[in-house]
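Chemist: Structure file model.cif (mmCIF, C-alpha atoms) right here:
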```cif
data_coords
loop_
_atom_site.group_PDB
_atom_site.id
_atom_site.type_symbol
_atom_site.label_atom_id
_atom_site.label_comp_id
_atom_site.auth_asym_id
_atom_site.auth_seq_id
_atom_site.Cartn_x
_atom_site.Cartn_y
_atom_site.Cartn_z
ATOM 1 C CA MET L 1 40.522 26.209 7.241
ATOM 2 C CA LYS L 2 38.534 28.452 5.009
ATOM 3 C CA SER L 3 36.255 25.639 3.960
ATOM 4 C CA LEU L 4 35.802 24.628 7.594
ATOM 5 C CA ARG L 5 34.783 28.179 8.473
ATOM 6 C CA SER L 6 32.281 28.320 5.636
ATOM 7 C CA LEU L 7 30.929 24.932 6.667
ATOM 8 C CA LEU L 8 30.482 26.198 10.211
ATOM 9 C CA PHE L 9 28.780 29.253 8.794
ATOM 10 C CA ILE L 10 26.359 27.148 6.810
ATOM 11 C CA LEU L 11 25.650 24.966 9.819
ATOM 12 C CA CYS L 12 25.035 27.988 12.029
ATOM 13 C CA THR L 13 22.848 29.760 9.536
ATOM 14 C CA SER L 14 20.849 26.672 8.752
ATOM 15 C CA LYS L 15 20.288 26.133 12.454
ATOM 16 C CA PHE L 16 19.330 29.765 12.767
ATOM 17 C CA LEU L 17 16.927 29.397 9.874
ATOM 18 C CA VAL L 18 15.265 26.433 11.518
ATOM 19 C CA VAL L 19 14.892 28.332 14.773
ATOM 20 C CA ALA L 20 13.646 31.409 12.949
ATOM 21 C CA PHE L 21 11.144 29.249 11.149
ATOM 22 C CA GLN L 22 9.944 27.402 14.226
ATOM 23 C CA VAL L 23 9.591 30.171 16.742
ATOM 24 C CA PRO L 24 6.956 32.256 14.994
ATOM 25 C CA SER L 25 4.890 29.257 13.977
ATOM 26 C CA ARG L 26 4.627 28.233 17.611
ATOM 27 C CA HIS L 27 2.964 31.520 18.425
ATOM 28 C CA LEU L 28 0.612 31.629 15.503
ATOM 29 C CA THR L 29 -2.983 30.963 16.358
ATOM 30 C CA THR L 30 -3.958 30.168 12.804
ATOM 31 C CA THR L 31 -1.425 28.144 10.930
ATOM 32 C CA THR L 32 -1.199 27.176 7.339
ATOM 33 C CA THR L 33 0.473 23.799 7.122
ATOM 34 C CA THR L 34 2.992 23.337 4.410
ATOM 35 C CA ARG L 35 3.411 19.776 3.185
ATOM 36 C CA ARG L 36 6.940 18.498 3.468
ATOM 37 C CA HIS L 37 8.416 15.096 2.757
ATOM 38 C CA MET L 38 7.597 12.431 5.283
ATOM 39 C CA SER L 39 10.532 11.457 7.456
ATOM 40 C CA SER L 40 10.896 8.482 9.775
ATOM 41 C CA GLU L 41 9.987 10.786 12.639
ATOM 42 C CA ASP L 42 6.593 11.396 11.090
ATOM 43 C CA PHE L 43 6.050 7.659 10.921
ATOM 44 C CA LEU L 44 6.962 7.270 14.577
ATOM 45 C CA GLN L 45 4.193 9.661 15.459
ATOM 46 C CA GLU L 46 1.769 8.127 13.003
ATOM 47 C CA THR L 47 -1.576 6.951 14.395
ATOM 48 C CA PRO L 48 -2.681 3.341 13.733
ATOM 49 C CA GLU L 49 -5.346 4.758 11.399
ATOM 50 C CA GLY L 50 -2.670 6.710 9.557
ATOM 51 C CA THR L 51 -0.641 3.529 9.086
ATOM 52 C CA GLN L 52 -3.679 1.684 7.747
ATOM 53 C CA GLU L 53 -4.299 4.498 5.244
ATOM 54 C CA ARG L 54 -0.670 4.436 4.164
ATOM 55 C CA ILE L 55 -0.822 0.661 3.635
ATOM 56 C CA GLN L 56 -4.044 1.017 1.683
ATOM 57 C CA SER L 57 -2.516 3.603 -0.624
ATOM 58 C CA LEU L 58 0.523 1.333 -1.185
ATOM 59 C CA VAL L 59 -1.768 -1.586 -2.030
ATOM 60 C CA GLU L 60 -3.825 0.525 -4.405
ATOM 61 C CA SER L 61 -0.876 2.061 -6.222
ATOM 62 C CA HIS L 62 1.135 -1.124 -6.969
ATOM 63 C CA PRO L 63 -0.401 -3.918 -9.087
ATOM 64 C CA VAL L 64 2.030 -6.451 -7.632
ATOM 65 C CA LEU L 65 3.168 -5.601 -4.108
ATOM 66 C CA LEU L 66 5.154 -7.695 -1.651
ATOM 67 C CA PHE L 67 5.535 -6.813 2.023
ATOM 68 C CA MET L 68 8.763 -8.545 3.010
ATOM 69 C CA LYS L 69 11.740 -8.604 5.356
ATOM 70 C CA GLY L 70 14.677 -6.926 3.625
ATOM 71 C CA SER L 71 14.921 -5.965 -0.035
ATOM 72 C CA LYS L 72 14.729 -7.767 -3.378
ATOM 73 C CA LEU L 73 18.530 -7.860 -3.478
ATOM 74 C CA PHE L 74 18.998 -8.741 0.173
ATOM 75 C CA PRO L 75 16.021 -10.587 1.607
ATOM 76 C CA GLN L 76 16.466 -10.930 5.377
ATOM 77 C CA CYS L 77 14.419 -14.086 5.787
ATOM 78 C CA GLY L 78 14.104 -17.377 3.930
ATOM 79 C CA PHE L 79 10.351 -17.011 3.405
ATOM 80 C CA SER L 80 10.744 -13.517 1.947
ATOM 81 C CA ASN L 81 13.529 -14.815 -0.275
ATOM 82 C CA THR L 82 11.243 -17.558 -1.604
ATOM 83 C CA ALA L 83 8.524 -14.999 -2.332
ATOM 84 C CA VAL L 84 10.956 -12.755 -4.252
ATOM 85 C CA GLN L 85 12.341 -15.703 -6.258
ATOM 86 C CA ILE L 86 8.832 -16.715 -7.296
ATOM 87 C CA LEU L 87 7.874 -13.194 -8.411
ATOM 88 C CA GLN L 88 11.180 -12.724 -10.257
ATOM 89 C CA SER L 89 10.533 -15.934 -12.217
ATOM 90 C CA TYR L 90 7.634 -14.140 -13.938
ATOM 91 C CA GLY L 91 9.944 -11.388 -15.201
ATOM 92 C CA ILE L 92 7.602 -8.622 -14.058
ATOM 93 C CA ASN L 93 7.994 -5.330 -12.304
ATOM 94 C CA PHE L 94 6.898 -5.637 -8.724
ATOM 95 C CA HIS L 95 7.189 -3.370 -5.746
ATOM 96 C CA THR L 96 8.470 -4.436 -2.328
ATOM 97 C CA VAL L 97 8.097 -2.835 1.089
ATOM 98 C CA ASP L 98 10.709 -3.700 3.717
ATOM 99 C CA VAL L 99 8.818 -4.114 6.981
ATOM 100 C CA LEU L 100 12.072 -4.281 8.983
ATOM 101 C CA SER L 101 12.726 -0.631 8.209
ATOM 102 C CA ASP L 102 9.228 0.491 9.207
ATOM 103 C CA GLN L 103 7.874 -0.823 12.501
ATOM 104 C CA ASN L 104 4.438 0.752 11.946
ATOM 105 C CA ILE L 105 3.975 -1.115 8.684
ATOM 106 C CA ARG L 106 5.433 -4.297 10.168
ATOM 107 C CA GLU L 107 2.644 -4.441 12.754
ATOM 108 C CA GLY L 108 0.022 -2.544 10.720
ATOM 109 C CA VAL L 109 0.070 -4.854 7.705
ATOM 110 C CA LYS L 110 -0.737 -7.837 9.934
ATOM 111 C CA VAL L 111 -3.881 -6.008 11.028
ATOM 112 C CA TYR L 112 -4.674 -4.759 7.520
ATOM 113 C CA SER L 113 -4.517 -8.243 5.988
ATOM 114 C CA GLN L 114 -5.693 -10.110 9.105
ATOM 115 C CA TRP L 115 -2.629 -12.280 8.521
ATOM 116 C CA PRO L 116 -0.009 -12.925 11.228
ATOM 117 C CA THR L 117 3.156 -13.441 9.167
ATOM 118 C CA ILE L 118 5.474 -11.771 6.638
ATOM 119 C CA PRO L 119 5.848 -11.949 3.597
ATOM 120 C CA GLN L 120 2.441 -10.941 2.272
ATOM 121 C CA LEU L 121 1.577 -10.651 -1.401
ATOM 122 C CA TYR L 122 -0.995 -8.324 -2.943
ATOM 123 C CA VAL L 123 -1.984 -8.558 -6.610
ATOM 124 C CA ALA L 124 -4.322 -5.986 -8.138
ATOM 125 C CA GLY L 125 -5.245 -4.736 -4.678
ATOM 126 C CA GLU L 126 -6.242 -8.198 -3.415
ATOM 127 C CA PHE L 127 -4.483 -10.106 -0.653
ATOM 128 C CA VAL L 128 -3.129 -13.363 -2.094
ATOM 129 C CA GLY L 129 -1.355 -14.909 0.903
ATOM 130 C CA GLY L 130 2.008 -15.718 2.442
ATOM 131 C CA SER L 131 4.932 -17.724 1.085
ATOM 132 C CA ASP L 132 3.353 -21.188 1.546
ATOM 133 C CA ILE L 133 0.351 -20.094 -0.502
ATOM 134 C CA MET L 134 2.611 -18.487 -3.111
ATOM 135 C CA ILE L 135 4.552 -21.759 -3.491
ATOM 136 C CA GLU L 136 1.389 -23.823 -3.955
ATOM 137 C CA MET L 137 -0.149 -21.320 -6.373
ATOM 138 C CA TYR L 138 3.129 -21.128 -8.283
ATOM 139 C CA GLN L 139 3.208 -24.914 -8.646
ATOM 140 C CA SER L 140 -0.438 -25.105 -9.707
ATOM 141 C CA GLY L 141 -0.011 -22.257 -12.215
ATOM 142 C CA GLU L 142 -2.716 -20.222 -10.478
ATOM 143 C CA LEU L 143 -0.332 -17.458 -9.441
ATOM 144 C CA GLY L 144 1.005 -17.148 -12.997
ATOM 145 C CA GLU L 145 -2.521 -16.655 -14.323
ATOM 146 C CA MET L 146 -3.242 -14.066 -11.657
ATOM 147 C CA ILE L 147 -0.038 -12.159 -12.485
ATOM 148 C CA GLU L 148 -0.732 -12.321 -16.242
ATOM 149 C CA LYS L 149 -4.149 -10.833 -15.612
ATOM 150 C CA ALA L 150 -2.722 -8.083 -13.421
ATOM 151 C CA LYS L 151 -0.102 -7.412 -16.094
ATOM 152 C CA ALA L 152 -2.825 -7.055 -18.742
ATOM 153 C CA ASP L 153 -4.648 -4.596 -16.491
ATOM 154 C CA MET L 154 -1.443 -2.565 -16.132
ATOM 155 C CA MET L 155 -1.250 -1.907 -19.875
ATOM 156 C CA MET Q 1 4.366 -30.220 26.850
ATOM 157 C CA THR Q 2 6.318 -28.614 24.002
ATOM 158 C CA ILE Q 3 4.769 -25.927 21.825
ATOM 159 C CA ALA Q 4 4.775 -28.344 18.874
ATOM 160 C CA ASP Q 5 2.674 -30.771 20.930
ATOM 161 C CA GLN Q 6 0.348 -27.986 22.064
ATOM 162 C CA VAL Q 7 -0.155 -26.827 18.471
ATOM 163 C CA LYS Q 8 -0.801 -30.399 17.399
ATOM 164 C CA GLU Q 9 -3.382 -30.920 20.120
ATOM 165 C CA LYS Q 10 -5.083 -27.621 19.266
ATOM 166 C CA CYS Q 11 -5.381 -28.518 15.568
ATOM 167 C CA LEU Q 12 -6.782 -31.956 16.394
ATOM 168 C CA GLY Q 13 -9.452 -30.342 18.564
ATOM 169 C CA ALA Q 14 -10.312 -26.993 16.968
ATOM 170 C CA LEU Q 15 -10.046 -28.119 13.330
ATOM 171 C CA ASN Q 16 -11.301 -31.659 13.838
ATOM 172 C CA ALA Q 17 -8.093 -32.788 12.157
ATOM 173 C CA SER Q 18 -7.669 -36.453 11.265
ATOM 174 C CA HIS Q 19 -3.903 -36.133 11.081
ATOM 175 C CA VAL Q 20 -1.424 -33.482 12.271
ATOM 176 C CA GLU Q 21 2.349 -33.295 11.981
ATOM 177 C CA CYS Q 22 4.235 -30.525 13.713
ATOM 178 C CA VAL Q 23 8.006 -30.102 13.872
ATOM 179 C CA ASP Q 24 9.767 -27.311 15.743
ATOM 180 C CA HIS Q 25 13.077 -26.532 14.044
ATOM 181 C CA ASN Q 26 14.041 -24.397 16.986
ATOM 182 C CA ALA Q 27 13.195 -26.931 19.671
ATOM 183 C CA SER Q 28 16.568 -26.269 21.289
ATOM 184 C CA GLN Q 29 15.409 -22.607 21.544
ATOM 185 C CA GLU Q 30 18.807 -21.348 20.448
ATOM 186 C CA GLU Q 31 17.494 -18.912 17.824
ATOM 187 C CA CYS Q 32 14.691 -16.399 17.286
ATOM 188 C CA ASP Q 33 14.491 -15.260 20.928
ATOM 189 C CA GLY Q 34 13.712 -18.828 21.910
ATOM 190 C CA ASN Q 35 10.525 -18.860 19.834
ATOM 191 C CA ALA Q 36 9.382 -21.769 17.697
ATOM 192 C CA LYS Q 37 9.974 -22.344 13.989
ATOM 193 C CA LEU Q 38 7.175 -24.692 13.073
ATOM 194 C CA ASP Q 39 6.509 -26.879 10.066
ATOM 195 C CA LEU Q 40 2.901 -27.948 10.256
ATOM 196 C CA ILE Q 41 0.752 -30.370 8.279
ATOM 197 C CA VAL Q 42 -2.956 -30.389 9.059
ATOM 198 C CA VAL Q 43 -5.318 -32.901 7.455
ATOM 199 C CA SER Q 44 -8.968 -32.171 8.113
ATOM 200 C CA PRO Q 45 -12.328 -32.901 6.480
ATOM 201 C CA GLN Q 46 -13.211 -29.288 7.362
ATOM 202 C CA PHE Q 47 -10.958 -28.169 4.465
ATOM 203 C CA GLU Q 48 -13.241 -29.847 1.940
ATOM 204 C CA GLY Q 49 -14.340 -27.256 -0.649
ATOM 205 C CA VAL Q 50 -12.492 -24.442 1.163
ATOM 206 C CA PRO Q 51 -9.980 -22.284 -0.794
ATOM 207 C CA LEU Q 52 -6.339 -22.427 0.259
ATOM 208 C CA ILE Q 53 -6.194 -18.962 1.786
ATOM 209 C CA LYS Q 54 -9.262 -19.692 3.945
ATOM 210 C CA ARG Q 55 -7.708 -22.962 5.117
ATOM 211 C CA HIS Q 56 -4.614 -21.054 6.245
ATOM 212 C CA ARG Q 57 -6.811 -18.488 7.973
ATOM 213 C CA MET Q 58 -8.637 -21.305 9.819
ATOM 214 C CA VAL Q 59 -5.292 -22.612 11.109
ATOM 215 C CA ASN Q 60 -4.016 -19.117 11.960
ATOM 216 C CA ASP Q 61 -7.235 -18.414 13.886
ATOM 217 C CA ALA Q 62 -6.969 -21.701 15.786
ATOM 218 C CA LEU Q 63 -3.369 -20.927 16.764
ATOM 219 C CA VAL Q 64 -3.817 -17.265 17.696
ATOM 220 C CA GLU Q 65 -2.981 -17.863 21.388
ATOM 221 C CA PHE Q 66 0.368 -19.438 20.424
ATOM 222 C CA MET Q 67 1.443 -16.773 17.922
ATOM 223 C CA PRO Q 68 3.517 -14.721 20.379
ATOM 224 C CA ARG Q 69 5.674 -17.820 20.931
ATOM 225 C CA ILE Q 70 5.943 -18.700 17.226
ATOM 226 C CA HIS Q 71 8.675 -17.019 15.214
ATOM 227 C CA ALA Q 72 7.965 -18.762 11.907
ATOM 228 C CA LEU Q 73 5.151 -20.991 10.720
ATOM 229 C CA SER Q 74 5.053 -22.942 7.501
ATOM 230 C CA MET Q 75 1.988 -25.036 6.788
ATOM 231 C CA LYS Q 76 0.299 -27.546 4.511
ATOM 232 C CA THR Q 77 -3.464 -27.820 4.727
ATOM 233 C CA TRP Q 78 -4.921 -30.916 3.110
ATOM 234 C CA THR Q 79 -8.234 -32.705 2.953
ATOM 235 C CA PRO Q 80 -8.081 -36.429 3.812
ATOM 236 C CA ALA Q 81 -8.336 -37.248 0.070
ATOM 237 C CA GLN Q 82 -5.420 -34.906 -0.759
ATOM 238 C CA TYR Q 83 -3.368 -36.467 2.024
ATOM 239 C CA ASP Q 84 -4.081 -40.009 0.777
ATOM 240 C CA SER Q 85 -3.046 -39.036 -2.770
ATOM 241 C CA LYS Q 86 0.341 -37.914 -1.414
ATOM 242 C CA GLN Q 87 1.100 -41.237 0.272
ATOM 243 C CA PRO Q 88 3.636 -43.398 -1.598
#
```
Just give me the structure of the file as structure tokens.
Modeler:
Amino acid sequence: MKSLRSLLFILCTSKFLVVAFQVPSRHLTTTTTTRRHMSSEDFLQETPEGTQERIQSLVESHPVLLFMKGSKLFPQCGFSNTAVQILQSYGINFHTVDVLSDQNIREGVKVYSQWPTIPQLYVAGEFVGGSDIMIEMYQSGELGEMIEKAKADMM
Amino acid sequence: MTIADQVKEKCLGALNASHVECVDHNASQEECDGNAKLDLIVVSPQFEGVPLIKRHRMVNDALVEFMPRIHALSMKTWTPAQYDSKQP
């Protein structure tokens, strides 16, 4: 009972704090914006340009980046699964972005790459292709060379 | 005409393809909101000297009008010589 009361207290005060924080800012004519962590709500309100910038910064900050459906552990599509298996065969660190959990990126990355399907692979900031291209480049050894080069650049 | 046939016809025309195979694995339209799951082989002299990614872009561009009705698209893009070398 005591813990319930203190929980209620915390809930009430935190709500109060939010209100107290929001009300004055609404009336301020000059505001200083404080940067807070991006939440999914921010992404919902994101402009198409904002999405493109976010994709660009992802591409630039990860030497090997895969836009896919689902995660490395639980790919949600056969093509994405193939792409992950190929990258894992090289024993490298690579970053994945789950487009199913971010509708803006899901549509935005198709525009960014001028490519209509997911998955999409980027190596060293360059668009490589989708899963069919990854399979062919894996078989020809071309993808391995590209990854080795990107790995060398990472050092 | 099925979407697989329409895609085939488009590739023959727009890409001057000498041979096209197109199979819709969702022809019964039971999955993927009734949209197609296509396996596509396009053989065209226009692919001569063109890198793989550009070949795929050429096909994607040719099929842009069908994309809303395509759920998944897997493709092989070969020159006539590449296609001949794959024949048993």
Chemist: Taking only C-alpha atoms into account, report as a PyMOL selection string which residues of chain Q lie within 8 Å of chain L.
Modeler: chain Q and resi 52-53+57+60+67+72-76
Chemist: Using only C-alpha atoms, which residues sit within 12 Å of region 79-81 of chain Q once same-chain residues fewer than 2 positions away are excluded, as a list in words?
Modeler: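 Everything that qualifies: Leu15, Asn16, Ala17, Ser18, His19, Val20, Ile41, Val42, Val43, Ser44, Pro45, Gln46, Phe47, Glu48, Gly49, Val50, Pro51, Leu52, Arg55, Lys76, Thr77, Tyr83, Asp84, Ser85, Lys86 and Gln87 of chain Q.
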Chemist: State, in Å with one decimal place, the distance from CA of Asp24 (chain Q) to CA of Asp39 (chain Q).
Modeler: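 Those two atoms sit 6.6 Å apart.
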Chemist: So which residues get picked by the PyMOL selection byres ((chain Q and resi 62) around 8) here, written as number ranges by chain?
Modeler: Q: 10-11, 14-15, 58-61, 63-65
Chemist: Might you spell out which residues the PyMOL selection byres ((chain L and resi 93) around 12) would select in the displayed file, as an NGL selection string?
Modeler: :L and (62-66 or 72 or 84 or 87-92 or 94-96 or 123 or 147-148 or 150-151 or 154)
Chemist: Record the distance separating CA of Asn81 (chain L) and CA of Tyr138 (chain L), expressed in Å with one decimal.
Modeler: 14.6 Å
Chemist: Can you pull out every residue within 6 Å of Pro119 (chain L), counting only C-alpha atoms, but drop anything in the same chain fewer than 4 positions away, and send it as a compact mmCIF listing (two decimals) with C-alpha atoms, in the coordinates of the input?
Modeler:
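As written to disk, result21.txt reads:
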```
# COMPACT_ATOMS: atom_id res chain seq x y z
CA PHE L 67 5.54 -6.81 2.02
CA MET L 68 8.76 -8.54 3.01
CA SER L 80 10.74 -13.52 1.95
CA GLY L 130 2.01 -15.72 2.44
```
Chemist: Pick the closest to Asn26 (chain Q) from Q:Gln82, Q:Arg69, Q:Gln6, Q:Met1: which is it, counting only C-alpha atoms?
Modeler: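 Of the candidates, the smallest distance to Asn26 (chain Q) is held by Q:Arg69.
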Chemist: Please measure the separation of CA of Leu121 (chain L) and CA of Leu12 (chain Q), giving the value in Å to one decimal.
Modeler: 29.0 Å
Chemist: For the file shown, report as an MDAnalysis selection string the outcome of the PyMOL selection byres ((chain L and resi 103-111) around 9) at residue level.
Modeler: chainID L and resid 43:44 46:48 51:52 54:55 67:68 97:102 112:118 120
Chemist: Would you write out those residues with C-alpha atoms, as an mmCIF file, keeping the file's coordinate frame?
Modeler:
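And here's again.cif as it stands now:
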```cif
data_model
loop_
_atom_site.group_PDB
_atom_site.id
_atom_site.type_symbol
_atom_site.label_atom_id
_atom_site.label_comp_id
_atom_site.auth_asym_id
_atom_site.auth_seq_id
_atom_site.Cartn_x
_atom_site.Cartn_y
_atom_site.Cartn_z
ATOM 1 C CA PHE L 43 6.050 7.659 10.921
ATOM 2 C CA LEU L 44 6.962 7.270 14.577
ATOM 3 C CA GLU L 46 1.769 8.127 13.003
ATOM 4 C CA THR L 47 -1.576 6.951 14.395
ATOM 5 C CA PRO L 48 -2.681 3.341 13.733
ATOM 6 C CA THR L 51 -0.641 3.529 9.086
ATOM 7 C CA GLN L 52 -3.679 1.684 7.747
ATOM 8 C CA ARG L 54 -0.670 4.436 4.164
ATOM 9 C CA ILE L 55 -0.822 0.661 3.635
ATOM 10 C CA PHE L 67 5.535 -6.813 2.023
ATOM 11 C CA MET L 68 8.763 -8.545 3.010
ATOM 12 C CA VAL L 97 8.097 -2.835 1.089
ATOM 13 C CA ASP L 98 10.709 -3.700 3.717
ATOM 14 C CA VAL L 99 8.818 -4.114 6.981
ATOM 15 C CA LEU L 100 12.072 -4.281 8.983
ATOM 16 C CA SER L 101 12.726 -0.631 8.209
ATOM 17 C CA ASP L 102 9.228 0.491 9.207
ATOM 18 C CA TYR L 112 -4.674 -4.759 7.520
ATOM 19 C CA SER L 113 -4.517 -8.243 5.988
ATOM 20 C CA GLN L 114 -5.693 -10.110 9.105
ATOM 21 C CA TRP L 115 -2.629 -12.280 8.521
ATOM 22 C CA PRO L 116 -0.009 -12.925 11.228
ATOM 23 C CA THR L 117 3.156 -13.441 9.167
ATOM 24 C CA ILE L 118 5.474 -11.771 6.638
ATOM 25 C CA GLN L 120 2.441 -10.941 2.272
#
```
Chemist: Starting from the point (8.8, -19.7, 12.2), work out which residues of protein, DNA or RNA have an atom no more than 6 Å away when counting all atoms listed in the file; state them as a PDB file with C-alpha atoms, in the frame of the given file.
Modeler:
```pdb
ATOM      1  CA  ALA Q  36       9.382 -21.769  17.697  1.00  0.00           C
ATOM      2  CA  LYS Q  37       9.974 -22.344  13.989  1.00  0.00           C
ATOM      3  CA  LEU Q  38       7.175 -24.692  13.073  1.00  0.00           C
ATOM      4  CA  ILE Q  70       5.943 -18.700  17.226  1.00  0.00           C
ATOM      5  CA  HIS Q  71       8.675 -17.019  15.214  1.00  0.00           C
ATOM      6  CA  ALA Q  72       7.965 -18.762  11.907  1.00  0.00           C
ATOM      7  CA  LEU Q  73       5.151 -20.991  10.720  1.00  0.00           C
TER       8      LEU Q  73
END
```
